[in-house]
$ cat work.cif   # mmCIF, C-alpha atoms
data_protein
loop_
_atom_site.group_PDB
_atom_site.id
_atom_site.type_symbol
_atom_site.label_atom_id
_atom_site.label_comp_id
_atom_site.auth_asym_id
_atom_site.auth_seq_id
_atom_site.Cartn_x
_atom_site.Cartn_y
_atom_site.Cartn_z
ATOM 1 C CA MET G 1 66.499 109.343 111.493
ATOM 2 C CA ALA G 2 70.228 108.793 110.814
ATOM 3 C CA SER G 3 70.805 108.030 114.501
ATOM 4 C CA THR G 4 68.790 104.834 114.124
ATOM 5 C CA PHE G 5 71.309 103.489 111.613
ATOM 6 C CA THR G 6 73.782 102.640 114.424
ATOM 7 C CA PRO G 7 76.933 102.701 112.261
ATOM 8 C CA GLU G 8 79.020 101.585 115.239
ATOM 9 C CA ASN G 9 77.214 98.231 115.106
ATOM 10 C CA ALA G 10 78.401 97.554 111.555
ATOM 11 C CA ARG G 11 81.628 96.157 113.033
ATOM 12 C CA SER G 12 81.796 93.581 115.823
ATOM 13 C CA PRO G 13 83.743 94.203 117.962
ATOM 14 C CA PRO G 14 83.550 97.957 117.288
ATOM 15 C CA ALA G 15 86.178 99.332 114.916
ATOM 16 C CA ILE G 16 89.442 100.644 116.358
ATOM 17 C CA PRO G 17 90.492 104.082 115.087
ATOM 18 C CA PRO G 18 93.940 104.119 113.459
ATOM 19 C CA PRO G 19 96.623 105.046 115.977
ATOM 20 C CA ALA G 20 98.739 108.122 115.413
ATOM 21 C CA PRO G 21 101.467 106.802 113.091
ATOM 22 C CA PRO G 22 105.122 107.213 114.067
ATOM 23 C CA VAL G 23 105.646 109.105 110.798
ATOM 24 C CA THR G 24 103.168 110.929 108.567
ATOM 25 C CA LYS G 25 105.169 110.923 105.342
ATOM 26 C CA PHE G 26 107.768 108.450 104.126
ATOM 27 C CA LYS G 27 109.001 106.673 101.026
ATOM 28 C CA ILE G 28 108.016 103.096 100.187
ATOM 29 C CA ALA G 29 109.896 100.871 97.751
ATOM 30 C CA LEU G 30 108.213 98.151 95.712
ATOM 31 C CA CYS G 31 110.943 95.791 94.530
ATOM 32 C CA GLN G 32 109.738 93.930 91.440
ATOM 33 C CA LEU G 33 112.424 91.250 91.246
ATOM 34 C CA ALA G 34 113.518 88.759 88.598
ATOM 35 C CA VAL G 35 113.220 85.272 90.120
ATOM 36 C CA THR G 36 115.355 82.337 88.930
ATOM 37 C CA ALA G 37 115.845 78.680 89.851
ATOM 38 C CA ASP G 38 119.010 79.663 91.784
ATOM 39 C CA LYS G 39 118.043 80.466 95.378
ATOM 40 C CA ALA G 40 121.388 82.016 96.263
ATOM 41 C CA LYS G 41 121.110 84.311 93.245
ATOM 42 C CA ASN G 42 117.564 85.269 94.228
ATOM 43 C CA ILE G 43 118.704 86.155 97.735
ATOM 44 C CA GLN G 44 121.524 88.282 96.352
ATOM 45 C CA THR G 45 119.116 90.012 93.931
ATOM 46 C CA ALA G 46 116.774 90.859 96.799
ATOM 47 C CA ARG G 47 119.655 92.110 98.953
ATOM 48 C CA LYS G 48 120.860 94.449 96.204
ATOM 49 C CA ALA G 49 117.342 95.758 95.594
ATOM 50 C CA ILE G 50 116.794 96.516 99.278
ATOM 51 C CA GLN G 51 120.130 98.322 99.439
ATOM 52 C CA GLU G 52 119.238 100.394 96.372
ATOM 53 C CA ALA G 53 115.801 101.189 97.810
ATOM 54 C CA ALA G 54 117.333 102.384 101.081
ATOM 55 C CA ASP G 55 119.907 104.452 99.187
ATOM 56 C CA LYS G 56 116.960 106.193 97.480
ATOM 57 C CA GLY G 57 115.397 107.041 100.826
ATOM 58 C CA ALA G 58 112.861 104.254 101.301
ATOM 59 C CA LYS G 59 111.863 103.564 104.912
ATOM 60 C CA LEU G 60 109.590 100.646 103.987
ATOM 61 C CA VAL G 61 110.552 97.971 101.449
ATOM 62 C CA LEU G 62 108.070 95.481 99.985
ATOM 63 C CA LEU G 63 109.240 92.333 98.176
ATOM 64 C CA PRO G 64 107.248 90.027 95.842
ATOM 65 C CA GLU G 65 105.405 86.808 96.540
ATOM 66 C CA ILE G 66 107.691 83.729 96.352
ATOM 67 C CA TRP G 67 110.836 85.697 95.538
ATOM 68 C CA ASN G 68 113.373 83.010 96.476
ATOM 69 C CA SER G 69 111.850 80.182 94.417
ATOM 70 C CA PRO G 70 110.113 79.451 91.144
ATOM 71 C CA TYR G 71 106.344 79.576 91.587
ATOM 72 C CA SER G 72 105.311 75.937 91.253
ATOM 73 C CA ASN G 73 104.055 73.099 93.391
ATOM 74 C CA ASP G 74 107.160 71.128 92.444
ATOM 75 C CA SER G 75 109.439 73.907 93.682
ATOM 76 C CA PHE G 76 107.752 74.777 96.983
ATOM 77 C CA PRO G 77 109.015 71.677 98.891
ATOM 78 C CA VAL G 78 112.529 72.050 97.454
ATOM 79 C CA TYR G 79 112.983 75.741 98.290
ATOM 80 C CA ALA G 80 111.053 75.763 101.581
ATOM 81 C CA GLU G 81 112.818 76.990 104.718
ATOM 82 C CA ASP G 82 112.184 76.343 108.410
ATOM 83 C CA ILE G 83 111.887 79.958 109.529
ATOM 84 C CA ASP G 84 111.409 79.109 113.209
ATOM 85 C CA ALA G 85 114.612 77.034 113.282
ATOM 86 C CA GLY G 86 116.786 80.132 112.901
ATOM 87 C CA PHE G 87 118.643 81.882 110.162
ATOM 88 C CA ASP G 88 121.021 78.988 109.418
ATOM 89 C CA ALA G 89 117.955 77.002 108.363
ATOM 90 C CA SER G 90 116.419 80.023 106.625
ATOM 91 C CA PRO G 91 118.991 81.987 104.621
ATOM 92 C CA SER G 92 116.252 84.066 102.974
ATOM 93 C CA THR G 93 114.906 85.481 106.238
ATOM 94 C CA GLY G 94 118.414 85.656 107.674
ATOM 95 C CA MET G 95 119.327 88.076 104.899
ATOM 96 C CA LEU G 96 116.188 90.148 105.528
ATOM 97 C CA SER G 97 116.943 90.397 109.237
ATOM 98 C CA GLU G 98 120.564 91.389 108.686
ATOM 99 C CA ILE G 99 119.891 94.043 106.069
ATOM 100 C CA SER G 100 116.869 95.573 107.818
ATOM 101 C CA SER G 101 119.021 96.083 110.910
ATOM 102 C CA ARG G 102 122.014 97.388 108.992
ATOM 103 C CA LEU G 103 120.002 99.824 106.845
ATOM 104 C CA LYS G 104 117.415 100.703 109.528
ATOM 105 C CA VAL G 105 114.470 99.987 107.238
ATOM 106 C CA THR G 106 111.218 98.109 107.772
ATOM 107 C CA ILE G 107 110.839 95.164 105.389
ATOM 108 C CA VAL G 108 107.637 93.392 104.389
ATOM 109 C CA GLY G 109 109.515 90.442 103.015
ATOM 110 C CA GLY G 110 107.255 89.299 100.201
ATOM 111 C CA SER G 111 106.783 85.590 100.739
ATOM 112 C CA ILE G 112 108.757 82.366 100.670
ATOM 113 C CA PRO G 113 107.769 78.713 101.055
ATOM 114 C CA GLU G 114 107.926 77.866 104.761
ATOM 115 C CA ARG G 115 108.359 74.358 106.167
ATOM 116 C CA VAL G 116 106.801 73.475 109.533
ATOM 117 C CA GLY G 117 107.113 69.763 110.213
ATOM 118 C CA ASP G 118 105.377 68.020 107.333
ATOM 119 C CA ARG G 119 103.447 71.139 106.306
ATOM 120 C CA LEU G 120 104.317 73.891 103.850
ATOM 121 C CA TYR G 121 103.029 77.463 103.959
ATOM 122 C CA ASN G 122 103.283 80.517 101.720
ATOM 123 C CA THR G 123 104.668 82.925 104.328
ATOM 124 C CA CYS G 124 105.419 86.630 104.582
ATOM 125 C CA CYS G 125 107.850 87.827 107.258
ATOM 126 C CA VAL G 126 107.932 91.427 108.471
ATOM 127 C CA PHE G 127 111.188 92.741 109.933
ATOM 128 C CA GLY G 128 111.675 95.903 111.976
ATOM 129 C CA THR G 129 114.555 98.350 111.819
ATOM 130 C CA ASP G 130 116.342 96.388 114.545
ATOM 131 C CA GLY G 131 116.317 93.214 112.451
ATOM 132 C CA LYS G 132 113.765 91.472 114.644
ATOM 133 C CA LEU G 133 110.884 89.477 113.191
ATOM 134 C CA LEU G 134 107.758 91.520 113.941
ATOM 135 C CA ALA G 135 105.150 89.302 112.326
ATOM 136 C CA LYS G 136 104.646 86.282 110.120
ATOM 137 C CA HIS G 137 101.632 85.968 107.812
ATOM 138 C CA ARG G 138 100.759 82.615 106.296
ATOM 139 C CA LYS G 139 98.627 82.956 103.179
ATOM 140 C CA ILE G 140 95.036 82.447 104.313
ATOM 141 C CA HIS G 141 93.287 81.874 100.978
ATOM 142 C CA LEU G 142 95.037 79.313 98.798
ATOM 143 C CA PHE G 143 95.176 79.819 95.042
ATOM 144 C CA ASP G 144 93.047 76.949 93.755
ATOM 145 C CA ILE G 145 91.601 77.952 90.391
ATOM 146 C CA ASP G 146 90.659 76.368 87.068
ATOM 147 C CA ILE G 147 89.953 78.551 84.030
ATOM 148 C CA PRO G 148 89.729 76.038 81.146
ATOM 149 C CA GLY G 149 92.067 76.834 78.298
ATOM 150 C CA LYS G 150 93.773 79.566 80.333
ATOM 151 C CA ILE G 151 95.213 78.569 83.704
ATOM 152 C CA THR G 152 94.857 75.852 86.321
ATOM 153 C CA PHE G 153 96.784 76.024 89.588
ATOM 154 C CA ILE G 154 96.025 74.182 92.825
ATOM 155 C CA GLU G 155 98.185 75.511 95.655
ATOM 156 C CA SER G 156 96.519 73.178 98.134
ATOM 157 C CA LYS G 157 98.293 70.230 96.478
ATOM 158 C CA THR G 158 101.365 71.244 98.458
ATOM 159 C CA LEU G 159 100.522 74.206 100.709
ATOM 160 C CA THR G 160 98.499 74.522 103.904
ATOM 161 C CA ALA G 161 96.316 77.575 104.482
ATOM 162 C CA GLY G 162 97.204 79.998 107.260
ATOM 163 C CA GLU G 163 94.724 80.471 110.068
ATOM 164 C CA THR G 164 94.989 84.076 111.248
ATOM 165 C CA PRO G 165 94.858 87.615 109.886
ATOM 166 C CA THR G 166 98.098 89.521 110.455
ATOM 167 C CA ILE G 167 98.306 93.166 111.449
ATOM 168 C CA VAL G 168 101.532 94.638 112.745
ATOM 169 C CA ASP G 169 102.670 97.941 114.266
ATOM 170 C CA THR G 170 105.894 99.164 112.684
ATOM 171 C CA GLU G 171 107.979 102.332 112.586
ATOM 172 C CA VAL G 172 106.049 103.306 109.446
ATOM 173 C CA GLY G 173 102.551 102.661 110.764
ATOM 174 C CA ARG G 174 100.063 99.858 111.309
ATOM 175 C CA ILE G 175 100.160 97.403 108.405
ATOM 176 C CA GLY G 176 97.764 94.614 107.443
ATOM 177 C CA ILE G 177 99.342 91.758 105.475
ATOM 178 C CA GLY G 178 97.835 89.600 102.736
ATOM 179 C CA ILE G 179 99.414 87.433 100.066
ATOM 180 C CA CYS G 180 98.188 87.474 96.466
ATOM 181 C CA TYR G 181 94.859 85.570 96.450
ATOM 182 C CA ASP G 182 94.083 87.076 99.866
ATOM 183 C CA ILE G 183 93.379 90.382 98.075
ATOM 184 C CA ARG G 184 90.248 88.905 96.472
ATOM 185 C CA PHE G 185 88.569 88.574 99.853
ATOM 186 C CA GLN G 186 87.318 91.988 100.898
ATOM 187 C CA GLU G 187 86.405 90.707 104.345
ATOM 188 C CA LEU G 188 90.092 90.397 105.271
ATOM 189 C CA ALA G 189 90.795 93.977 104.205
ATOM 190 C CA MET G 190 87.724 95.165 106.106
ATOM 191 C CA ILE G 191 88.979 93.418 109.246
ATOM 192 C CA TYR G 192 92.353 95.129 108.886
ATOM 193 C CA ALA G 193 90.660 98.501 108.443
ATOM 194 C CA SER G 194 88.518 97.867 111.517
ATOM 195 C CA ARG G 195 91.699 97.095 113.457
ATOM 196 C CA GLY G 196 93.119 100.510 112.597
ATOM 197 C CA ALA G 197 95.443 99.745 109.686
ATOM 198 C CA HIS G 198 96.999 102.618 107.764
ATOM 199 C CA LEU G 199 98.345 100.446 104.966
ATOM 200 C CA LEU G 200 97.674 97.028 103.443
ATOM 201 C CA CYS G 201 100.572 95.195 101.812
ATOM 202 C CA TYR G 202 99.950 92.377 99.363
ATOM 203 C CA PRO G 203 102.943 90.645 97.815
ATOM 204 C CA GLY G 204 101.368 88.829 94.886
ATOM 205 C CA ALA G 205 101.979 87.058 91.596
ATOM 206 C CA PHE G 206 98.871 87.421 89.476
ATOM 207 C CA ASN G 207 99.101 85.700 86.112
ATOM 208 C CA MET G 208 98.590 86.632 82.477
ATOM 209 C CA THR G 209 94.880 85.717 82.598
ATOM 210 C CA THR G 210 93.700 87.358 85.827
ATOM 211 C CA GLY G 211 96.366 90.067 85.972
ATOM 212 C CA PRO G 212 95.099 92.293 83.149
ATOM 213 C CA LEU G 213 91.502 91.975 84.378
ATOM 214 C CA HIS G 214 91.715 92.082 88.153
ATOM 215 C CA TRP G 215 95.113 93.101 89.581
ATOM 216 C CA GLU G 216 94.689 96.883 89.545
ATOM 217 C CA LEU G 217 90.913 96.631 89.994
ATOM 218 C CA LEU G 218 91.225 94.707 93.268
ATOM 219 C CA GLN G 219 93.906 96.997 94.669
ATOM 220 C CA ARG G 220 91.867 100.099 93.956
ATOM 221 C CA ALA G 221 88.737 98.471 95.379
ATOM 222 C CA ARG G 222 90.432 97.468 98.643
ATOM 223 C CA ALA G 223 91.886 100.981 99.006
ATOM 224 C CA ALA G 224 88.685 102.858 98.113
ATOM 225 C CA ASP G 225 86.377 100.641 100.179
ATOM 226 C CA ASN G 226 88.508 100.993 103.297
ATOM 227 C CA GLN G 227 89.970 104.459 102.673
ATOM 228 C CA LEU G 228 93.583 103.513 103.289
ATOM 229 C CA TYR G 229 96.761 102.785 101.329
ATOM 230 C CA VAL G 230 97.312 99.544 99.426
ATOM 231 C CA ALA G 231 100.742 98.434 98.193
ATOM 232 C CA THR G 232 101.411 95.386 96.031
ATOM 233 C CA CYS G 233 104.592 93.800 94.747
ATOM 234 C CA SER G 234 104.877 91.182 92.011
ATOM 235 C CA PRO G 235 107.823 89.258 90.645
ATOM 236 C CA ALA G 236 109.031 90.513 87.275
ATOM 237 C CA ARG G 237 107.689 88.623 84.279
ATOM 238 C CA ASP G 238 109.625 85.655 82.913
ATOM 239 C CA ALA G 239 107.904 84.549 79.702
ATOM 240 C CA GLY G 240 109.810 81.262 79.815
ATOM 241 C CA ALA G 241 108.700 80.283 83.315
ATOM 242 C CA GLY G 242 106.108 77.632 84.054
ATOM 243 C CA TYR G 243 104.040 80.307 85.798
ATOM 244 C CA VAL G 244 104.205 83.712 84.121
ATOM 245 C CA ALA G 245 103.627 86.683 86.448
ATOM 246 C CA TRP G 246 101.757 89.802 85.347
ATOM 247 C CA GLY G 247 104.052 92.251 87.162
ATOM 248 C CA HIS G 248 102.680 95.798 87.538
ATOM 249 C CA SER G 249 103.604 96.371 91.200
ATOM 250 C CA THR G 250 101.525 99.314 92.416
ATOM 251 C CA LEU G 251 100.809 101.801 95.202
ATOM 252 C CA VAL G 252 97.194 102.974 95.574
ATOM 253 C CA GLY G 253 96.036 105.855 97.764
ATOM 254 C CA PRO G 254 93.004 106.091 100.078
ATOM 255 C CA PHE G 255 90.828 107.607 97.336
ATOM 256 C CA GLY G 256 91.456 104.581 95.114
ATOM 257 C CA GLU G 257 93.942 106.524 93.011
ATOM 258 C CA VAL G 258 97.009 104.843 91.480
ATOM 259 C CA LEU G 259 100.002 106.742 92.871
ATOM 260 C CA ALA G 260 102.787 104.683 91.331
ATOM 261 C CA THR G 261 103.061 101.604 89.158
ATOM 262 C CA THR G 262 105.238 99.933 86.536
ATOM 263 C CA GLU G 263 105.103 97.394 83.723
ATOM 264 C CA HIS G 264 106.552 93.870 83.931
ATOM 265 C CA GLU G 265 110.349 94.299 83.898
ATOM 266 C CA PRO G 266 112.525 94.198 87.030
ATOM 267 C CA GLU G 267 112.249 97.583 88.712
ATOM 268 C CA ILE G 268 112.331 99.371 92.051
ATOM 269 C CA ILE G 269 109.421 101.781 92.423
ATOM 270 C CA ILE G 270 109.892 104.581 94.955
ATOM 271 C CA ALA G 271 106.761 106.457 96.018
ATOM 272 C CA GLU G 272 105.604 108.639 98.899
ATOM 273 C CA ILE G 273 102.954 107.703 101.422
ATOM 274 C CA ASP G 274 101.222 110.571 103.243
ATOM 275 C CA TYR G 275 98.980 109.283 106.024
ATOM 276 C CA SER G 276 97.312 112.677 106.472
ATOM 277 C CA LEU G 277 95.364 111.862 103.314
ATOM 278 C CA ILE G 278 93.566 109.038 105.126
ATOM 279 C CA ALA G 279 91.859 111.456 107.528
ATOM 280 C CA LEU G 280 91.164 113.854 104.663
ATOM 281 C CA ARG G 281 89.456 111.229 102.515
ATOM 282 C CA ARG G 282 87.481 109.891 105.468
ATOM 283 C CA THR G 283 86.267 113.434 106.078
ATOM 284 C CA ASN G 284 85.405 113.914 102.403
ATOM 285 C CA LEU G 285 83.477 110.628 102.368
ATOM 286 C CA PRO G 286 82.477 109.810 105.972
ATOM 287 C CA LEU G 287 81.663 106.162 105.281
ATOM 288 C CA THR G 288 82.285 104.991 108.838
ATOM 289 C CA LYS G 289 79.499 107.293 110.049
ATOM 290 C CA GLN G 290 77.121 106.217 107.308
ATOM 291 C CA ARG G 291 77.224 102.447 107.616
ATOM 292 C CA ARG G 292 73.933 100.703 108.344
ATOM 293 C CA GLY G 293 74.642 98.763 111.499
ATOM 294 C CA ASP G 294 70.917 98.102 111.650
ATOM 295 C CA LEU G 295 71.159 96.103 108.392
ATOM 296 C CA TYR G 296 74.563 94.414 108.292
ATOM 297 C CA GLN G 297 77.616 93.614 110.387
ATOM 298 C CA LEU G 298 81.183 92.408 109.841
ATOM 299 C CA VAL G 299 82.301 90.086 112.644
ATOM 300 C CA ASP G 300 86.025 89.840 113.425
ATOM 301 C CA ILE G 301 85.944 86.362 114.936
ATOM 302 C CA GLN G 302 89.539 86.411 116.180
ATOM 303 C CA ARG G 303 89.062 89.675 118.083
ATOM 304 C CA LEU G 304 85.660 88.584 119.361
ATOM 305 C CA ASN G 305 87.053 85.320 120.741
ATOM 306 C CA SER G 306 89.960 87.100 122.430
ATOM 307 C CA GLN G 307 87.709 89.329 124.522
#
$ encode --input "work.cif" --output "structure tokens"
Amino acid sequence: MASTFTPENARSPPAIPPPAPPVTKFKIALCQLAVTADKAKNIQTARKAIQEAADKGAKLVLLPEIWNSPYSNDSFPVYAEDIDAGFDASPSTGMLSEISSRLKVTIVGGSIPERVGDRLYNTCCVFGTDGKLLAKHRKIHLFDIDIPGKITFIESKTLTAGETPTIVDTEVGRIGIGICYDIRFQELAMIYASRGAHLLCYPGAFNMTTGPLHWELLQRARAADNQLYVATCSPARDAGAGYVAWGHSTLVGPFGEVLATTEHEPEIIIAEIDYSLIALRRTNLPLTKQRRGDLYQLVDIQRLNSQ
């Protein structure tokens, strides 16, 4: 009877098994940074945090969403950098490239406002241990919300939505990238899992309304649903800022368990990732073999169109 369920048809194209990772165990650093109105100071703060993380043995460093700029529609155009124009035009990514090469660490560089012609994006850059840009993820789902009496923010007033999922092979495994609001959309995480991701990284700045309710919940859900690791990194909380971040940067394991977290102050969290637990949990709960491909299907349109 079970053979009629056709679990392989629950993903179109069929899911790709995770590749053998270059390393099985390594340390990740989540750098929860204080962000100011001084870009040069923010860059220096990030540089120091990455250095400290590497000194503590981290092989992968994750930075927060919008770490070089205040989080506001007024600030995005002022602090935006033309990443494609080179490091002179983008001091934030220039620093990330230089320090990743010098320290031989992989960096998921949080996000910064990116300028492309007359458009602005919320962009995450991933740098390899040689300092080269491995991938660039532009936030796909823009943060346009209105909770009366609590918070209203419309990112689309200034930002343009990205158009592609981003998955990247690094020296610490295959990583799927999302930015903040992207974590609410389980379809994106499911696509990354079906492309063989070991780890999902979400730099994000949830706020004081949605943070207490949803931040940890969504991370644990994405990890448990897809049986992989999820890492998030928030800016530290500044109660005097126009947008107040929740903080609580976190690493979640493939069983949905919180492995490491913090409160809202500036901090560098060092935790271990052990990819062997992914296979173990997928053996414990063999979800991929139990899906009902006869009843539902996730379509990865980008992969389908590239065939």
$ closest_atom_pairs --input "work.cif" --of "region 162-223 of chain G" --to "region 294-302 of chain G" --cutoff "12 Å" --atoms "only C-alpha atoms" --output "CSV"
residue,atom,partner,partner_atom,distance
G:Glu163,CA,G:Gln302,CA,10.0
G:Thr164,CA,G:Gln302,CA,7.7
G:Pro165,CA,G:Gln302,CA,8.3
G:Thr166,CA,G:Gln302,CA,10.8
G:Gln186,CA,G:Leu298,CA,10.9
G:Glu187,CA,G:Leu298,CA,7.8
G:Leu188,CA,G:Asp300,CA,9.1
G:Ala189,CA,G:Asp300,CA,11.2
G:Met190,CA,G:Leu298,CA,8.0
G:Ile191,CA,G:Asp300,CA,6.2
G:Tyr192,CA,G:Asp300,CA,9.4
G:Ala193,CA,G:Asp300,CA,11.0
G:Ser194,CA,G:Asp300,CA,8.6
G:Arg195,CA,G:Asp300,CA,9.2
$ residues_around --input "work.cif" --residues "Glu155 (chain G)" --least-positions-apart "3" --cutoff "8 Å" --atoms "only C-alpha atoms" --output "list in words"
Asn73, Leu142, Phe143, Asp144, Thr158 and Leu159 of chain G
$ residues_around --input "work.cif" --residues "region 94-101 of chain G" --least-positions-apart "5" --cutoff "12 Å" --atoms "all atoms listed in the file" --output "PyMOL selection string"
chain G and resi 40+42-54+58-63+68+81-89+106-112+124-134
$ resolve_selection --input "work.cif" --expression "the PyMOL selection byres ((chain G and resi 183) around 12)" --output "mmCIF file with C-alpha atoms, in the coordinates of the input"
data_model
loop_
_atom_site.group_PDB
_atom_site.id
_atom_site.type_symbol
_atom_site.label_atom_id
_atom_site.label_comp_id
_atom_site.auth_asym_id
_atom_site.auth_seq_id
_atom_site.Cartn_x
_atom_site.Cartn_y
_atom_site.Cartn_z
ATOM 1 C CA LYS G 139 98.627 82.956 103.179
ATOM 2 C CA ILE G 140 95.036 82.447 104.313
ATOM 3 C CA HIS G 141 93.287 81.874 100.978
ATOM 4 C CA LEU G 142 95.037 79.313 98.798
ATOM 5 C CA PHE G 143 95.176 79.819 95.042
ATOM 6 C CA GLY G 176 97.764 94.614 107.443
ATOM 7 C CA ILE G 177 99.342 91.758 105.475
ATOM 8 C CA GLY G 178 97.835 89.600 102.736
ATOM 9 C CA ILE G 179 99.414 87.433 100.066
ATOM 10 C CA CYS G 180 98.188 87.474 96.466
ATOM 11 C CA TYR G 181 94.859 85.570 96.450
ATOM 12 C CA ASP G 182 94.083 87.076 99.866
ATOM 13 C CA ARG G 184 90.248 88.905 96.472
ATOM 14 C CA PHE G 185 88.569 88.574 99.853
ATOM 15 C CA GLN G 186 87.318 91.988 100.898
ATOM 16 C CA GLU G 187 86.405 90.707 104.345
ATOM 17 C CA LEU G 188 90.092 90.397 105.271
ATOM 18 C CA ALA G 189 90.795 93.977 104.205
ATOM 19 C CA MET G 190 87.724 95.165 106.106
ATOM 20 C CA TYR G 192 92.353 95.129 108.886
ATOM 21 C CA LEU G 200 97.674 97.028 103.443
ATOM 22 C CA CYS G 201 100.572 95.195 101.812
ATOM 23 C CA TYR G 202 99.950 92.377 99.363
ATOM 24 C CA PRO G 203 102.943 90.645 97.815
ATOM 25 C CA GLY G 204 101.368 88.829 94.886
ATOM 26 C CA ALA G 205 101.979 87.058 91.596
ATOM 27 C CA PHE G 206 98.871 87.421 89.476
ATOM 28 C CA HIS G 214 91.715 92.082 88.153
ATOM 29 C CA TRP G 215 95.113 93.101 89.581
ATOM 30 C CA GLU G 216 94.689 96.883 89.545
ATOM 31 C CA LEU G 217 90.913 96.631 89.994
ATOM 32 C CA LEU G 218 91.225 94.707 93.268
ATOM 33 C CA GLN G 219 93.906 96.997 94.669
ATOM 34 C CA ARG G 220 91.867 100.099 93.956
ATOM 35 C CA ALA G 221 88.737 98.471 95.379
ATOM 36 C CA ARG G 222 90.432 97.468 98.643
ATOM 37 C CA ALA G 223 91.886 100.981 99.006
ATOM 38 C CA VAL G 230 97.312 99.544 99.426
ATOM 39 C CA ALA G 231 100.742 98.434 98.193
ATOM 40 C CA THR G 232 101.411 95.386 96.031
#
$ closest_residue --input "work.cif" --among "G:Thr152, G:Ser234, G:Thr250, G:Thr170" --to "Leu33 (chain G)" --atoms "only C-alpha atoms"
G:Ser234
$ axis_aligned_box --input "work.cif" --around "region 142-161 of chain G" --padding-each-side "5 Å" --output "AutoDock Vina command-line options"
--center_x 95.5 --center_y 75.0 --center_z 91.4 --size_x 21.6 --size_y 19.6 --size_z 36.2
$ closest_residue --input "work.cif" --among "G:Thr36, G:Thr6, G:Ser156, G:Ser276" --to "Gly242 (chain G)" --atoms "only C-alpha atoms"
G:Thr36
$ residues_around --input "work.cif" --residues "Val35 (chain G)" --least-positions-apart "5" --cutoff "10 Å" --atoms "all atoms listed in the file" --output "ChimeraX atom specification"
/G:41-43,45-46,64,66-71,235-238,241,266
$ resolve_selection --input "work.cif" --expression "the PyMOL selection byres ((chain G and resi 255-259) around 6)" --output "JSON, numbers by chain"
{"G": [220, 223, 224, 251, 252, 253, 254, 260]}
$ atom_distance --input "work.cif" --atom1 "CA of Ala80 (chain G)" --atom2 "CA of Cys233 (chain G)"
20.3 Å
$ residues_around --input "work.cif" --residues "Glu8 (chain G)" --least-positions-apart "2" --cutoff "8 Å" --atoms "all atoms listed in the file" --output "list of chain:residue names"
G:Thr6, G:Ala10, G:Arg11, G:Pro14, G:Ala15, G:Thr288, G:Lys289, G:Arg291, G:Gly293
$ write_last_selection --input "work.cif" --atoms "C-alpha atoms" --output "compact mmCIF listing (two decimals), in the coordinates of the input"
# COMPACT_ATOMS: atom_id res chain seq x y z
CA THR G 6 73.78 102.64 114.42
CA ALA G 10 78.40 97.55 111.56
CA ARG G 11 81.63 96.16 113.03
CA PRO G 14 83.55 97.96 117.29
CA ALA G 15 86.18 99.33 114.92
CA THR G 288 82.28 104.99 108.84
CA LYS G 289 79.50 107.29 110.05
CA ARG G 291 77.22 102.45 107.62
CA GLY G 293 74.64 98.76 111.50
$ atom_distance --input "work.cif" --atom1 "CA of Lys25 (chain G)" --atom2 "CA of Arg281 (chain G)"
16.0 Å
$ atom_distance --input "work.cif" --atom1 "CA of Asn305 (chain G)" --atom2 "CA of Pro286 (chain G)"
29.0 Å
